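The next block holds one structure in the form of structure tokens; read it before the comments.
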Amino acid sequence: MATSIFPGEKPDRLEEECAVFGVYSTTDDVARLTCFGLQALQHRGQESAGIAVGDGDTVTVTKDLGLVTQVFNESALAALRGEVAVGHCRYSTSGGMGNWTSAQPHMSAIDEVLIALAHNGTLVNTNRIRADLISKGVEFRSNTDSEVACQVIGYYTRETHHLTEGIKTAMEMIDGAYAMVLASPTALYAFRDPHGIRPLCLGKLPDDRGWVVSSETCGLDIVGAEFVRDVRPGEIIRINDTGISTLQAIEPQEPRGCIFEYVYFARPDSVIDGQSVYQARRNMGRILAREAPVEADLVLGVPDSGVPGALGYSEASGIEFTDGIVKNRYVGRTFIQPTQEMRQMGIRIKLNPLPSVIAGKRLVVIDDSIVRGNTSKKLVDMLRSAGAAEIHFRIVSPEVMWPCFYGIDTANQDQLIAANMTNEEMCEFIGCDSLEFISLDGLREAVGDAHSKTFCEACFTGEYPVALPDSITKNAFLKKS
Ligand code: SF4
């Protein structure tokens, strides 16, 4: 779905928080591979990028605000030599937007040696842990939950003189969603929360050149790594010069992978838990055509994530698919302040309709989600001024009624349009002729076998798989679940 493109303006959709990537190889340029991996994962976070490399003696970190290609040039990569690398790109939701100290990887010192941690997700119980560490003399550079995790690992590694023990202790203490990669001078670690809320997969470089971990399989593809498996919930994987070892550090809980990865966050060419994201999106469109049919002339998708759903809707309904909206691919999150005139142009700076295709036509418009509704309203205005005769909005996710606390930037509940309006009221606010959402059962069917898989669906249901303390929820809800 089209998002806000202006700095400081709240995005009108769910925004992914981060991507992580890691490489262990004694033969390859691990920093360069990590840079490529982060570029493949750039859609998950565009505010900062960082790479940490372990060279046998210590860990060196380079990070800054900006896109991966803005932060890393040839000389920056040339300064990062070693066998272990972890990387991160960030979309900040808490702990300091546009703040260098909040950029990852975070570091912690264990005696004379550094470790570096990259985290995708959000931890829900770090206030108390942070206060406890401060009382023990640990110093923090940022106020992020991710740095708390890094400092917990550092503290308990210093206590136990064993890094895997330090990670295990941290996993026993922290709650929430986390897919993490960690570099020591000699080893790469990857670990995941016991529900597996955020994705993390393991791959292998050809000719036994080494191992790769990535938030999504598209990160493996770009460096030529073969998918091996997902990192298991509650598992720690360690890779060093003796090979790969694994420890089930904490008891896995009922799987609760984020179902929204399939709807919007993940790249369509990724595979999560054995399910192609592209196919899942296409299935969503087919199911939506079954659940919410309408008479129309053309189906079009809001670029990019609405397009596979539009193809599926077209396939199932027999209504012709068309490219009716063109996206400017080079407008993203930017640090260049727009002019007032550009603000007034709003959505047009990113999306532009094709009047020659849509004028006089009854349109089915497929989008991934509606959060606040403002962007949908602008989109409908734009299509009407391009001459559309009717606009039937079809959404491939159910109504977003509850905030996410597991690594995604949502609004508070009072800003979520579906939590505050009936379907008719939303339809009127957006200005479309009809508005329908896929059912939750339909979405489950689209992403796989609804009877054998369980997901986190909390933004639709309010049923949060990890308990949330009041300090997290106190201002976020209109009503308690
Ligand atoms: S609340 Fe929604 S966006 Fe957040 S992890 Fe759960 S399914 Fe994903």
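The chains in the structure tokens are called A, B, ... from first to last as shown; in each chain the residues are counted from 1, and the ligands are counted from 1 in the order shown.
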### Task
Please identify all polymer residues within 7 Å of segment 194-209 of chain A, counting only C-alpha atoms, omitting same-chain residues fewer than 4 positions from it, and present them as JSON, numbers by chain.
{"A": [25, 27, 121, 177, 178, 179, 213, 214, 215, 216, 217, 220, 224, 225, 226, 227, 228, 229, 230, 231, 233, 234, 250, 251, 252, 253, 254, 255, 256, 257, 258, 456]}
### Query
Could you pull out the helix (DSSP H, G or I) residues of segment 263-310 of chain A from DSSP and send them as number ranges by chain?
A: 263-265, 277-291, 306-310
Preceding selection exported with C-alpha atoms as an mmCIF file, in the first residue's frame:
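Contents of the output file out-v1.cif:
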data_model
loop_
_atom_site.group_PDB
_atom_site.id
_atom_site.type_symbol
_atom_site.label_atom_id
_atom_site.label_comp_id
_atom_site.auth_asym_id
_atom_site.auth_seq_id
_atom_site.Cartn_x
_atom_site.Cartn_y
_atom_site.Cartn_z
ATOM 1 C CA VAL A 263 0.361 -9.909 3.429
ATOM 2 C CA TYR A 264 2.848 -7.113 3.136
ATOM 3 C CA PHE A 265 6.228 -7.138 4.907
ATOM 4 C CA VAL A 277 4.934 -15.200 -0.287
ATOM 5 C CA TYR A 278 3.970 -14.469 -3.898
ATOM 6 C CA GLN A 279 1.697 -17.512 -4.100
ATOM 7 C CA ALA A 280 0.145 -16.656 -0.747
ATOM 8 C CA ARG A 281 -0.691 -13.149 -2.022
ATOM 9 C CA ARG A 282 -2.148 -14.556 -5.199
ATOM 10 C CA ASN A 283 -4.223 -16.996 -3.138
ATOM 11 C CA MET A 284 -5.497 -14.063 -1.047
ATOM 12 C CA GLY A 285 -6.833 -12.429 -4.214
ATOM 13 C CA ARG A 286 -8.519 -15.645 -5.363
ATOM 14 C CA ILE A 287 -10.163 -16.131 -1.972
ATOM 15 C CA LEU A 288 -11.241 -12.499 -1.823
ATOM 16 C CA ALA A 289 -12.932 -12.907 -5.228
ATOM 17 C CA ARG A 290 -14.852 -15.828 -3.748
ATOM 18 C CA GLU A 291 -15.731 -14.018 -0.502
ATOM 19 C CA GLY A 306 -1.468 -5.376 -4.051
ATOM 20 C CA VAL A 307 -0.519 -6.648 -7.519
ATOM 21 C CA PRO A 308 -0.307 -10.445 -6.884
ATOM 22 C CA GLY A 309 -3.654 -10.240 -5.065
ATOM 23 C CA ALA A 310 -5.144 -8.405 -8.054
#
DSSP strand (DSSP E) selection over segment 120-347 of chain A, as a PDB file with N, CA, C and O atoms, in the first residue's frame:
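Result went into states.pdb, see below:
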ATOM      1  N   ASN A 120      15.841  -8.025  14.855  1.00  0.00           N
ATOM      2  CA  ASN A 120      14.547  -7.687  14.239  1.00  0.00           C
ATOM      3  C   ASN A 120      13.460  -8.112  15.211  1.00  0.00           C
ATOM      4  O   ASN A 120      13.408  -9.270  15.613  1.00  0.00           O
ATOM      5  N   GLY A 121      12.601  -7.190  15.566  1.00  0.00           N
ATOM      6  CA  GLY A 121      11.513  -7.496  16.490  1.00  0.00           C
ATOM      7  C   GLY A 121      11.412  -6.426  17.558  1.00  0.00           C
ATOM      8  O   GLY A 121      12.031  -5.365  17.452  1.00  0.00           O
ATOM      9  N   THR A 122      10.621  -6.687  18.573  1.00  0.00           N
ATOM     10  CA  THR A 122      10.528  -5.782  19.715  1.00  0.00           C
ATOM     11  C   THR A 122      10.428  -6.612  20.983  1.00  0.00           C
ATOM     12  O   THR A 122       9.679  -7.594  21.025  1.00  0.00           O
ATOM     13  N   LEU A 123      11.187  -6.206  21.993  1.00  0.00           N
ATOM     14  CA  LEU A 123      11.121  -6.871  23.294  1.00  0.00           C
ATOM     15  C   LEU A 123      10.157  -6.092  24.176  1.00  0.00           C
ATOM     16  O   LEU A 123      10.120  -4.857  24.126  1.00  0.00           O
ATOM     17  N   GLY A 176       9.149 -11.269  24.094  1.00  0.00           N
ATOM     18  CA  GLY A 176       8.762 -10.482  22.926  1.00  0.00           C
ATOM     19  C   GLY A 176       9.136 -11.200  21.654  1.00  0.00           C
ATOM     20  O   GLY A 176       9.227 -12.425  21.613  1.00  0.00           O
ATOM     21  N   ALA A 177       9.302 -10.406  20.607  1.00  0.00           N
ATOM     22  CA  ALA A 177       9.627 -10.961  19.296  1.00  0.00           C
ATOM     23  C   ALA A 177      11.092 -10.659  19.000  1.00  0.00           C
ATOM     24  O   ALA A 177      11.513  -9.511  19.099  1.00  0.00           O
ATOM     25  N   TYR A 178      11.845 -11.686  18.674  1.00  0.00           N
ATOM     26  CA  TYR A 178      13.221 -11.410  18.267  1.00  0.00           C
ATOM     27  C   TYR A 178      13.762 -12.469  17.311  1.00  0.00           C
ATOM     28  O   TYR A 178      13.594 -13.655  17.500  1.00  0.00           O
ATOM     29  N   ALA A 179      14.354 -11.972  16.249  1.00  0.00           N
ATOM     30  CA  ALA A 179      15.209 -12.762  15.375  1.00  0.00           C
ATOM     31  C   ALA A 179      16.535 -12.017  15.428  1.00  0.00           C
ATOM     32  O   ALA A 179      16.599 -10.846  15.039  1.00  0.00           O
ATOM     33  N   MET A 180      17.572 -12.670  15.960  1.00  0.00           N
ATOM     34  CA  MET A 180      18.832 -11.965  16.218  1.00  0.00           C
ATOM     35  C   MET A 180      20.005 -12.693  15.577  1.00  0.00           C
ATOM     36  O   MET A 180      20.030 -13.923  15.504  1.00  0.00           O
ATOM     37  N   VAL A 181      20.985 -11.902  15.149  1.00  0.00           N
ATOM     38  CA  VAL A 181      22.281 -12.444  14.732  1.00  0.00           C
ATOM     39  C   VAL A 181      23.354 -11.719  15.528  1.00  0.00           C
ATOM     40  O   VAL A 181      23.215 -10.532  15.831  1.00  0.00           O
ATOM     41  N   LEU A 182      24.403 -12.455  15.889  1.00  0.00           N
ATOM     42  CA  LEU A 182      25.448 -11.888  16.747  1.00  0.00           C
ATOM     43  C   LEU A 182      26.798 -12.311  16.198  1.00  0.00           C
ATOM     44  O   LEU A 182      26.987 -13.480  15.830  1.00  0.00           O
ATOM     45  N   ALA A 183      27.721 -11.353  16.164  1.00  0.00           N
ATOM     46  CA  ALA A 183      29.100 -11.659  15.744  1.00  0.00           C
ATOM     47  C   ALA A 183      30.019 -11.551  16.941  1.00  0.00           C
ATOM     48  O   ALA A 183      30.005 -10.539  17.656  1.00  0.00           O
ATOM     49  N   LEU A 188      29.667 -16.822  14.405  1.00  0.00           N
ATOM     50  CA  LEU A 188      28.369 -16.215  14.080  1.00  0.00           C
ATOM     51  C   LEU A 188      27.285 -16.979  14.849  1.00  0.00           C
ATOM     52  O   LEU A 188      27.285 -18.209  14.861  1.00  0.00           O
ATOM     53  N   TYR A 189      26.401 -16.229  15.489  1.00  0.00           N
ATOM     54  CA  TYR A 189      25.285 -16.835  16.228  1.00  0.00           C
ATOM     55  C   TYR A 189      23.979 -16.324  15.627  1.00  0.00           C
ATOM     56  O   TYR A 189      23.879 -15.163  15.208  1.00  0.00           O
ATOM     57  N   ALA A 190      22.960 -17.201  15.637  1.00  0.00           N
ATOM     58  CA  ALA A 190      21.619 -16.796  15.199  1.00  0.00           C
ATOM     59  C   ALA A 190      20.623 -17.423  16.159  1.00  0.00           C
ATOM     60  O   ALA A 190      20.757 -18.605  16.507  1.00  0.00           O
ATOM     61  N   PHE A 191      19.643 -16.652  16.617  1.00  0.00           N
ATOM     62  CA  PHE A 191      18.667 -17.195  17.565  1.00  0.00           C
ATOM     63  C   PHE A 191      17.352 -16.443  17.452  1.00  0.00           C
ATOM     64  O   PHE A 191      17.302 -15.302  16.987  1.00  0.00           O
ATOM     65  N   ARG A 192      16.297 -17.094  17.926  1.00  0.00           N
ATOM     66  CA  ARG A 192      14.936 -16.657  17.628  1.00  0.00           C
ATOM     67  C   ARG A 192      14.044 -16.884  18.842  1.00  0.00           C
ATOM     68  O   ARG A 192      14.242 -17.849  19.590  1.00  0.00           O
ATOM     69  N   CYS A 201      16.108 -17.378   8.613  1.00  0.00           N
ATOM     70  CA  CYS A 201      16.417 -18.644   7.953  1.00  0.00           C
ATOM     71  C   CYS A 201      17.917 -18.820   7.776  1.00  0.00           C
ATOM     72  O   CYS A 201      18.688 -17.866   7.824  1.00  0.00           O
ATOM     73  N   LEU A 202      18.285 -20.078   7.568  1.00  0.00           N
ATOM     74  CA  LEU A 202      19.690 -20.482   7.448  1.00  0.00           C
ATOM     75  C   LEU A 202      19.953 -20.953   6.025  1.00  0.00           C
ATOM     76  O   LEU A 202      19.143 -21.702   5.462  1.00  0.00           O
ATOM     77  N   GLY A 203      21.072 -20.531   5.461  1.00  0.00           N
ATOM     78  CA  GLY A 203      21.446 -20.982   4.126  1.00  0.00           C
ATOM     79  C   GLY A 203      22.914 -21.356   4.080  1.00  0.00           C
ATOM     80  O   GLY A 203      23.682 -21.066   5.005  1.00  0.00           O
ATOM     81  N   LYS A 204      23.290 -21.984   2.982  1.00  0.00           N
ATOM     82  CA  LYS A 204      24.672 -22.466   2.834  1.00  0.00           C
ATOM     83  C   LYS A 204      25.245 -21.943   1.530  1.00  0.00           C
ATOM     84  O   LYS A 204      24.585 -22.056   0.481  1.00  0.00           O
ATOM     85  N   LEU A 205      26.467 -21.427   1.581  1.00  0.00           N
ATOM     86  CA  LEU A 205      27.133 -20.977   0.360  1.00  0.00           C
ATOM     87  C   LEU A 205      27.621 -22.195  -0.431  1.00  0.00           C
ATOM     88  O   LEU A 205      27.935 -23.233   0.168  1.00  0.00           O
ATOM     89  N   GLY A 210      30.772 -21.550   3.223  1.00  0.00           N
ATOM     90  CA  GLY A 210      30.332 -20.946   4.470  1.00  0.00           C
ATOM     91  C   GLY A 210      28.825 -20.949   4.620  1.00  0.00           C
ATOM     92  O   GLY A 210      28.107 -21.611   3.855  1.00  0.00           O
ATOM     93  N   TRP A 211      28.351 -20.181   5.613  1.00  0.00           N
ATOM     94  CA  TRP A 211      26.946 -20.182   6.008  1.00  0.00           C
ATOM     95  C   TRP A 211      26.402 -18.762   6.036  1.00  0.00           C
ATOM     96  O   TRP A 211      27.154 -17.807   6.266  1.00  0.00           O
ATOM     97  N   VAL A 212      25.088 -18.686   5.842  1.00  0.00           N
ATOM     98  CA  VAL A 212      24.420 -17.381   5.816  1.00  0.00           C
ATOM     99  C   VAL A 212      23.136 -17.476   6.642  1.00  0.00           C
ATOM    100  O   VAL A 212      22.454 -18.505   6.607  1.00  0.00           O
ATOM    101  N   VAL A 213      22.813 -16.438   7.396  1.00  0.00           N
ATOM    102  CA  VAL A 213      21.480 -16.343   8.018  1.00  0.00           C
ATOM    103  C   VAL A 213      20.840 -15.042   7.555  1.00  0.00           C
ATOM    104  O   VAL A 213      21.531 -14.037   7.360  1.00  0.00           O
ATOM    105  N   SER A 214      19.529 -15.079   7.371  1.00  0.00           N
ATOM    106  CA  SER A 214      18.858 -13.924   6.776  1.00  0.00           C
ATOM    107  C   SER A 214      17.416 -13.846   7.267  1.00  0.00           C
ATOM    108  O   SER A 214      16.776 -14.874   7.512  1.00  0.00           O
ATOM    109  N   GLU A 226      22.146 -21.473  -0.671  1.00  0.00           N
ATOM    110  CA  GLU A 226      21.013 -22.395  -0.780  1.00  0.00           C
ATOM    111  C   GLU A 226      20.277 -22.428   0.554  1.00  0.00           C
ATOM    112  O   GLU A 226      20.905 -22.522   1.622  1.00  0.00           O
ATOM    113  N   PHE A 227      18.945 -22.347   0.502  1.00  0.00           N
ATOM    114  CA  PHE A 227      18.139 -22.415   1.724  1.00  0.00           C
ATOM    115  C   PHE A 227      18.352 -23.781   2.390  1.00  0.00           C
ATOM    116  O   PHE A 227      18.263 -24.815   1.732  1.00  0.00           O
ATOM    117  N   VAL A 228      18.621 -23.776   3.685  1.00  0.00           N
ATOM    118  CA  VAL A 228      18.764 -25.042   4.429  1.00  0.00           C
ATOM    119  C   VAL A 228      17.509 -25.275   5.277  1.00  0.00           C
ATOM    120  O   VAL A 228      16.828 -26.272   5.151  1.00  0.00           O
ATOM    121  N   ARG A 229      17.190 -24.315   6.135  1.00  0.00           N
ATOM    122  CA  ARG A 229      15.983 -24.423   6.963  1.00  0.00           C
ATOM    123  C   ARG A 229      15.765 -23.116   7.701  1.00  0.00           C
ATOM    124  O   ARG A 229      16.634 -22.243   7.710  1.00  0.00           O
ATOM    125  N   ASP A 230      14.597 -22.993   8.330  1.00  0.00           N
ATOM    126  CA  ASP A 230      14.365 -21.847   9.206  1.00  0.00           C
ATOM    127  C   ASP A 230      15.096 -22.085  10.532  1.00  0.00           C
ATOM    128  O   ASP A 230      15.254 -23.236  10.964  1.00  0.00           O
ATOM    129  N   GLU A 235      15.864 -21.675  19.440  1.00  0.00           N
ATOM    130  CA  GLU A 235      17.143 -22.319  19.120  1.00  0.00           C
ATOM    131  C   GLU A 235      18.280 -21.295  19.041  1.00  0.00           C
ATOM    132  O   GLU A 235      18.054 -20.143  18.648  1.00  0.00           O
ATOM    133  N   ILE A 236      19.484 -21.722  19.417  1.00  0.00           N
ATOM    134  CA  ILE A 236      20.697 -20.944  19.127  1.00  0.00           C
ATOM    135  C   ILE A 236      21.523 -21.748  18.125  1.00  0.00           C
ATOM    136  O   ILE A 236      21.841 -22.915  18.384  1.00  0.00           O
ATOM    137  N   ILE A 237      21.862 -21.128  17.011  1.00  0.00           N
ATOM    138  CA  ILE A 237      22.797 -21.741  16.051  1.00  0.00           C
ATOM    139  C   ILE A 237      24.132 -21.018  16.199  1.00  0.00           C
ATOM    140  O   ILE A 237      24.174 -19.785  16.262  1.00  0.00           O
ATOM    141  N   ARG A 238      25.208 -21.790  16.280  1.00  0.00           N
ATOM    142  CA  ARG A 238      26.559 -21.189  16.312  1.00  0.00           C
ATOM    143  C   ARG A 238      27.358 -21.737  15.132  1.00  0.00           C
ATOM    144  O   ARG A 238      27.336 -22.947  14.872  1.00  0.00           O
ATOM    145  N   ILE A 239      28.053 -20.853  14.435  1.00  0.00           N
ATOM    146  CA  ILE A 239      28.872 -21.274  13.293  1.00  0.00           C
ATOM    147  C   ILE A 239      30.266 -20.704  13.496  1.00  0.00           C
ATOM    148  O   ILE A 239      30.438 -19.490  13.694  1.00  0.00           O
ATOM    149  N   ASN A 240      31.277 -21.598  13.477  1.00  0.00           N
ATOM    150  CA  ASN A 240      32.678 -21.143  13.604  1.00  0.00           C
ATOM    151  C   ASN A 240      33.570 -22.086  12.788  1.00  0.00           C
ATOM    152  O   ASN A 240      33.063 -22.834  11.947  1.00  0.00           O
ATOM    153  N   GLY A 243      32.584 -25.672  12.347  1.00  0.00           N
ATOM    154  CA  GLY A 243      31.329 -25.986  11.651  1.00  0.00           C
ATOM    155  C   GLY A 243      30.131 -25.397  12.359  1.00  0.00           C
ATOM    156  O   GLY A 243      30.232 -24.387  13.062  1.00  0.00           O
ATOM    157  N   ILE A 244      28.993 -26.045  12.177  1.00  0.00           N
ATOM    158  CA  ILE A 244      27.738 -25.511  12.703  1.00  0.00           C
ATOM    159  C   ILE A 244      27.282 -26.365  13.889  1.00  0.00           C
ATOM    160  O   ILE A 244      27.361 -27.587  13.844  1.00  0.00           O
ATOM    161  N   SER A 245      26.848 -25.713  14.953  1.00  0.00           N
ATOM    162  CA  SER A 245      26.290 -26.459  16.087  1.00  0.00           C
ATOM    163  C   SER A 245      25.002 -25.778  16.512  1.00  0.00           C
ATOM    164  O   SER A 245      24.793 -24.589  16.250  1.00  0.00           O
ATOM    165  N   THR A 246      24.140 -26.513  17.157  1.00  0.00           N
ATOM    166  CA  THR A 246      22.839 -25.974  17.506  1.00  0.00           C
ATOM    167  C   THR A 246      22.435 -26.398  18.904  1.00  0.00           C
ATOM    168  O   THR A 246      22.777 -27.489  19.352  1.00  0.00           O
ATOM    169  N   LEU A 247      21.732 -25.521  19.590  1.00  0.00           N
ATOM    170  CA  LEU A 247      21.289 -25.778  20.956  1.00  0.00           C
ATOM    171  C   LEU A 247      19.844 -25.309  21.075  1.00  0.00           C
ATOM    172  O   LEU A 247      19.535 -24.167  20.713  1.00  0.00           O
ATOM    173  N   GLN A 248      18.953 -26.173  21.548  1.00  0.00           N
ATOM    174  CA  GLN A 248      17.577 -25.737  21.840  1.00  0.00           C
ATOM    175  C   GLN A 248      17.624 -25.068  23.204  1.00  0.00           C
ATOM    176  O   GLN A 248      17.480 -25.694  24.241  1.00  0.00           O
ATOM    177  N   GLY A 257       4.338 -17.373  14.016  1.00  0.00           N
ATOM    178  CA  GLY A 257       4.943 -16.515  13.004  1.00  0.00           C
ATOM    179  C   GLY A 257       3.966 -15.436  12.567  1.00  0.00           C
ATOM    180  O   GLY A 257       2.767 -15.676  12.463  1.00  0.00           O
ATOM    181  N   CYS A 258       4.476 -14.255  12.307  1.00  0.00           N
ATOM    182  CA  CYS A 258       3.639 -13.099  11.956  1.00  0.00           C
ATOM    183  C   CYS A 258       2.956 -13.343  10.609  1.00  0.00           C
ATOM    184  O   CYS A 258       3.616 -13.443   9.572  1.00  0.00           O
ATOM    185  N   VAL A 271      10.344 -17.109   0.635  1.00  0.00           N
ATOM    186  CA  VAL A 271       9.561 -18.269   1.079  1.00  0.00           C
ATOM    187  C   VAL A 271       9.649 -18.307   2.596  1.00  0.00           C
ATOM    188  O   VAL A 271      10.751 -18.270   3.147  1.00  0.00           O
ATOM    189  N   ILE A 272       8.512 -18.323   3.271  1.00  0.00           N
ATOM    190  CA  ILE A 272       8.517 -18.376   4.738  1.00  0.00           C
ATOM    191  C   ILE A 272       7.791 -19.632   5.171  1.00  0.00           C
ATOM    192  O   ILE A 272       6.650 -19.870   4.751  1.00  0.00           O
ATOM    193  N   GLN A 275       6.167 -21.648   2.529  1.00  0.00           N
ATOM    194  CA  GLN A 275       5.113 -21.051   1.704  1.00  0.00           C
ATOM    195  C   GLN A 275       5.659 -19.854   0.934  1.00  0.00           C
ATOM    196  O   GLN A 275       6.184 -18.911   1.538  1.00  0.00           O
ATOM    197  N   SER A 276       5.527 -19.889  -0.377  1.00  0.00           N
ATOM    198  CA  SER A 276       5.928 -18.752  -1.199  1.00  0.00           C
ATOM    199  C   SER A 276       5.054 -17.545  -0.864  1.00  0.00           C
ATOM    200  O   SER A 276       3.820 -17.637  -0.861  1.00  0.00           O
ATOM    201  N   LEU A 298     -12.554  -3.923 -14.613  1.00  0.00           N
ATOM    202  CA  LEU A 298     -11.107  -4.128 -14.495  1.00  0.00           C
ATOM    203  C   LEU A 298     -10.718  -4.371 -13.040  1.00  0.00           C
ATOM    204  O   LEU A 298     -11.341  -3.824 -12.127  1.00  0.00           O
ATOM    205  N   VAL A 299      -9.654  -5.174 -12.854  1.00  0.00           N
ATOM    206  CA  VAL A 299      -9.053  -5.351 -11.522  1.00  0.00           C
ATOM    207  C   VAL A 299      -7.667  -4.755 -11.581  1.00  0.00           C
ATOM    208  O   VAL A 299      -6.905  -5.025 -12.517  1.00  0.00           O
ATOM    209  N   LEU A 300      -7.316  -3.948 -10.589  1.00  0.00           N
ATOM    210  CA  LEU A 300      -5.942  -3.467 -10.523  1.00  0.00           C
ATOM    211  C   LEU A 300      -5.442  -3.522  -9.089  1.00  0.00           C
ATOM    212  O   LEU A 300      -6.224  -3.463  -8.137  1.00  0.00           O
ATOM    213  N   GLY A 301      -4.118  -3.651  -8.960  1.00  0.00           N
ATOM    214  CA  GLY A 301      -3.515  -3.759  -7.629  1.00  0.00           C
ATOM    215  C   GLY A 301      -2.752  -2.494  -7.301  1.00  0.00           C
ATOM    216  O   GLY A 301      -2.157  -1.876  -8.184  1.00  0.00           O
ATOM    217  N   GLU A 320     -10.952  -8.721 -16.094  1.00  0.00           N
ATOM    218  CA  GLU A 320      -9.630  -8.448 -16.678  1.00  0.00           C
ATOM    219  C   GLU A 320      -8.717  -7.697 -15.691  1.00  0.00           C
ATOM    220  O   GLU A 320      -9.137  -6.733 -15.046  1.00  0.00           O
ATOM    221  N   PHE A 321      -7.451  -8.150 -15.604  1.00  0.00           N
ATOM    222  CA  PHE A 321      -6.436  -7.454 -14.799  1.00  0.00           C
ATOM    223  C   PHE A 321      -5.790  -6.366 -15.650  1.00  0.00           C
ATOM    224  O   PHE A 321      -5.556  -6.553 -16.834  1.00  0.00           O
ATOM    225  N   ILE A 325      -2.199   1.756 -12.238  1.00  0.00           N
ATOM    226  CA  ILE A 325      -1.488   2.694 -11.367  1.00  0.00           C
ATOM    227  C   ILE A 325       0.007   2.473 -11.567  1.00  0.00           C
ATOM    228  O   ILE A 325       0.488   1.344 -11.472  1.00  0.00           O
ATOM    229  N   VAL A 326       0.733   3.550 -11.843  1.00  0.00           N
ATOM    230  CA  VAL A 326       2.176   3.444 -12.047  1.00  0.00           C
ATOM    231  C   VAL A 326       2.878   3.964 -10.798  1.00  0.00           C
ATOM    232  O   VAL A 326       2.513   5.004 -10.252  1.00  0.00           O
ATOM    233  N   LYS A 327       3.890   3.214 -10.362  1.00  0.00           N
ATOM    234  CA  LYS A 327       4.630   3.605  -9.161  1.00  0.00           C
ATOM    235  C   LYS A 327       5.984   4.178  -9.535  1.00  0.00           C
ATOM    236  O   LYS A 327       6.686   3.620 -10.382  1.00  0.00           O
TER     237      LYS A 327
END
### Query
If you count only C-alpha atoms and all ligand atoms, which residues end up within 9 Å of ligand 1, as an MDAnalysis selection string?
chainID A and resid 14:16 121 177 197:198 256:261 265 400 402:410 455:465
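Interatomic distance, atom CA of Tyr156 of chain A against atom CA of Asp175 of chain A: 16.8 Å.
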### Query
So how many Å separate atom CA of Leu363 of chain A and atom CA of Gln415 of chain A, to one decimal?
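Rounded to one decimal, the two atoms are 27.7 Å apart.
Of the listed residues (A:Lys453, A:His106, A:Arg81, A:His392), A:Arg81 comes nearest to Asp57 of chain A; the distances count only C-alpha atoms.
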### Query
Quick one, how far is atom CA of Gly45 of chain A from atom CA of Leu351 of chain A?
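So the answer is 20.5 Å.
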Test item: residues at most 10 Å from Arg329 of chain A, only C-alpha atoms, excluding those fewer than 6 positions along its chain, as a PDB file with all heavy atoms, in the first residue's frame:
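Listing of part.pdb after writing:
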ATOM      1  N   PRO A 303       0.387  -0.841  -6.305  1.00  0.00           N
ATOM      2  CA  PRO A 303       1.771  -1.329  -6.312  1.00  0.00           C
ATOM      3  C   PRO A 303       2.435  -1.147  -4.946  1.00  0.00           C
ATOM      4  O   PRO A 303       2.163  -0.161  -4.278  1.00  0.00           O
ATOM      5  CB  PRO A 303       2.453  -0.434  -7.354  1.00  0.00           C
ATOM      6  CG  PRO A 303       1.357   0.188  -8.156  1.00  0.00           C
ATOM      7  CD  PRO A 303       0.183   0.279  -7.232  1.00  0.00           C
ATOM      8  N   ASP A 304       3.363  -2.066  -4.569  1.00  0.00           N
ATOM      9  CA  ASP A 304       3.636  -3.308  -5.277  1.00  0.00           C
ATOM     10  C   ASP A 304       2.840  -4.477  -4.673  1.00  0.00           C
ATOM     11  O   ASP A 304       2.494  -5.419  -5.376  1.00  0.00           O
ATOM     12  CB  ASP A 304       5.129  -3.659  -5.166  1.00  0.00           C
ATOM     13  CG  ASP A 304       5.999  -2.682  -5.909  1.00  0.00           C
ATOM     14  OD1 ASP A 304       5.696  -2.390  -7.061  1.00  0.00           O
ATOM     15  OD2 ASP A 304       6.983  -2.209  -5.327  1.00  0.00           O
ATOM     16  N   LYS A 350       4.230   9.428  -5.511  1.00  0.00           N
ATOM     17  CA  LYS A 350       4.652   8.031  -5.530  1.00  0.00           C
ATOM     18  C   LYS A 350       3.829   7.182  -6.493  1.00  0.00           C
ATOM     19  O   LYS A 350       4.344   6.272  -7.105  1.00  0.00           O
ATOM     20  CB  LYS A 350       4.540   7.459  -4.122  1.00  0.00           C
ATOM     21  CG  LYS A 350       5.223   6.138  -3.947  1.00  0.00           C
ATOM     22  CD  LYS A 350       5.411   5.841  -2.486  1.00  0.00           C
ATOM     23  CE  LYS A 350       6.312   4.633  -2.313  1.00  0.00           C
ATOM     24  NZ  LYS A 350       6.521   4.309  -0.924  1.00  0.00           N
ATOM     25  N   LEU A 351       2.539   7.470  -6.595  1.00  0.00           N
ATOM     26  CA  LEU A 351       1.650   6.680  -7.448  1.00  0.00           C
ATOM     27  C   LEU A 351       0.932   7.598  -8.415  1.00  0.00           C
ATOM     28  O   LEU A 351       0.486   8.673  -8.029  1.00  0.00           O
ATOM     29  CB  LEU A 351       0.607   5.950  -6.587  1.00  0.00           C
ATOM     30  CG  LEU A 351       1.113   4.968  -5.536  1.00  0.00           C
ATOM     31  CD1 LEU A 351      -0.054   4.421  -4.727  1.00  0.00           C
ATOM     32  CD2 LEU A 351       1.889   3.816  -6.167  1.00  0.00           C
TER      33      LEU A 351
END
## Note on the structure
Across A:Val59, A:Ala149, A:Leu67, A:Ala359, the smallest distance to Gln46 of chain A, with only C-alpha atoms counted, is shown by A:Leu67
### Message
I'd like the contact shell of Gly219 of chain A - 8 Å cut-off, only C-alpha atoms, skipping same-chain residues fewer than 4 positions apart - returned as a list in words.
### Response
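Here the qualifying residues turn out to be Phe21, Phe36, Gly37, Leu38, Ala40, Leu41, Ser214, Ser215 and Val223 of chain A.
Excluding Arg141 of chain A itself and same-chain residues fewer than 6 positions from it, the residues having an atom within 9 Å of it are Thr101, Ser102 and Glu147 of chain A, counting only C-alpha atoms.
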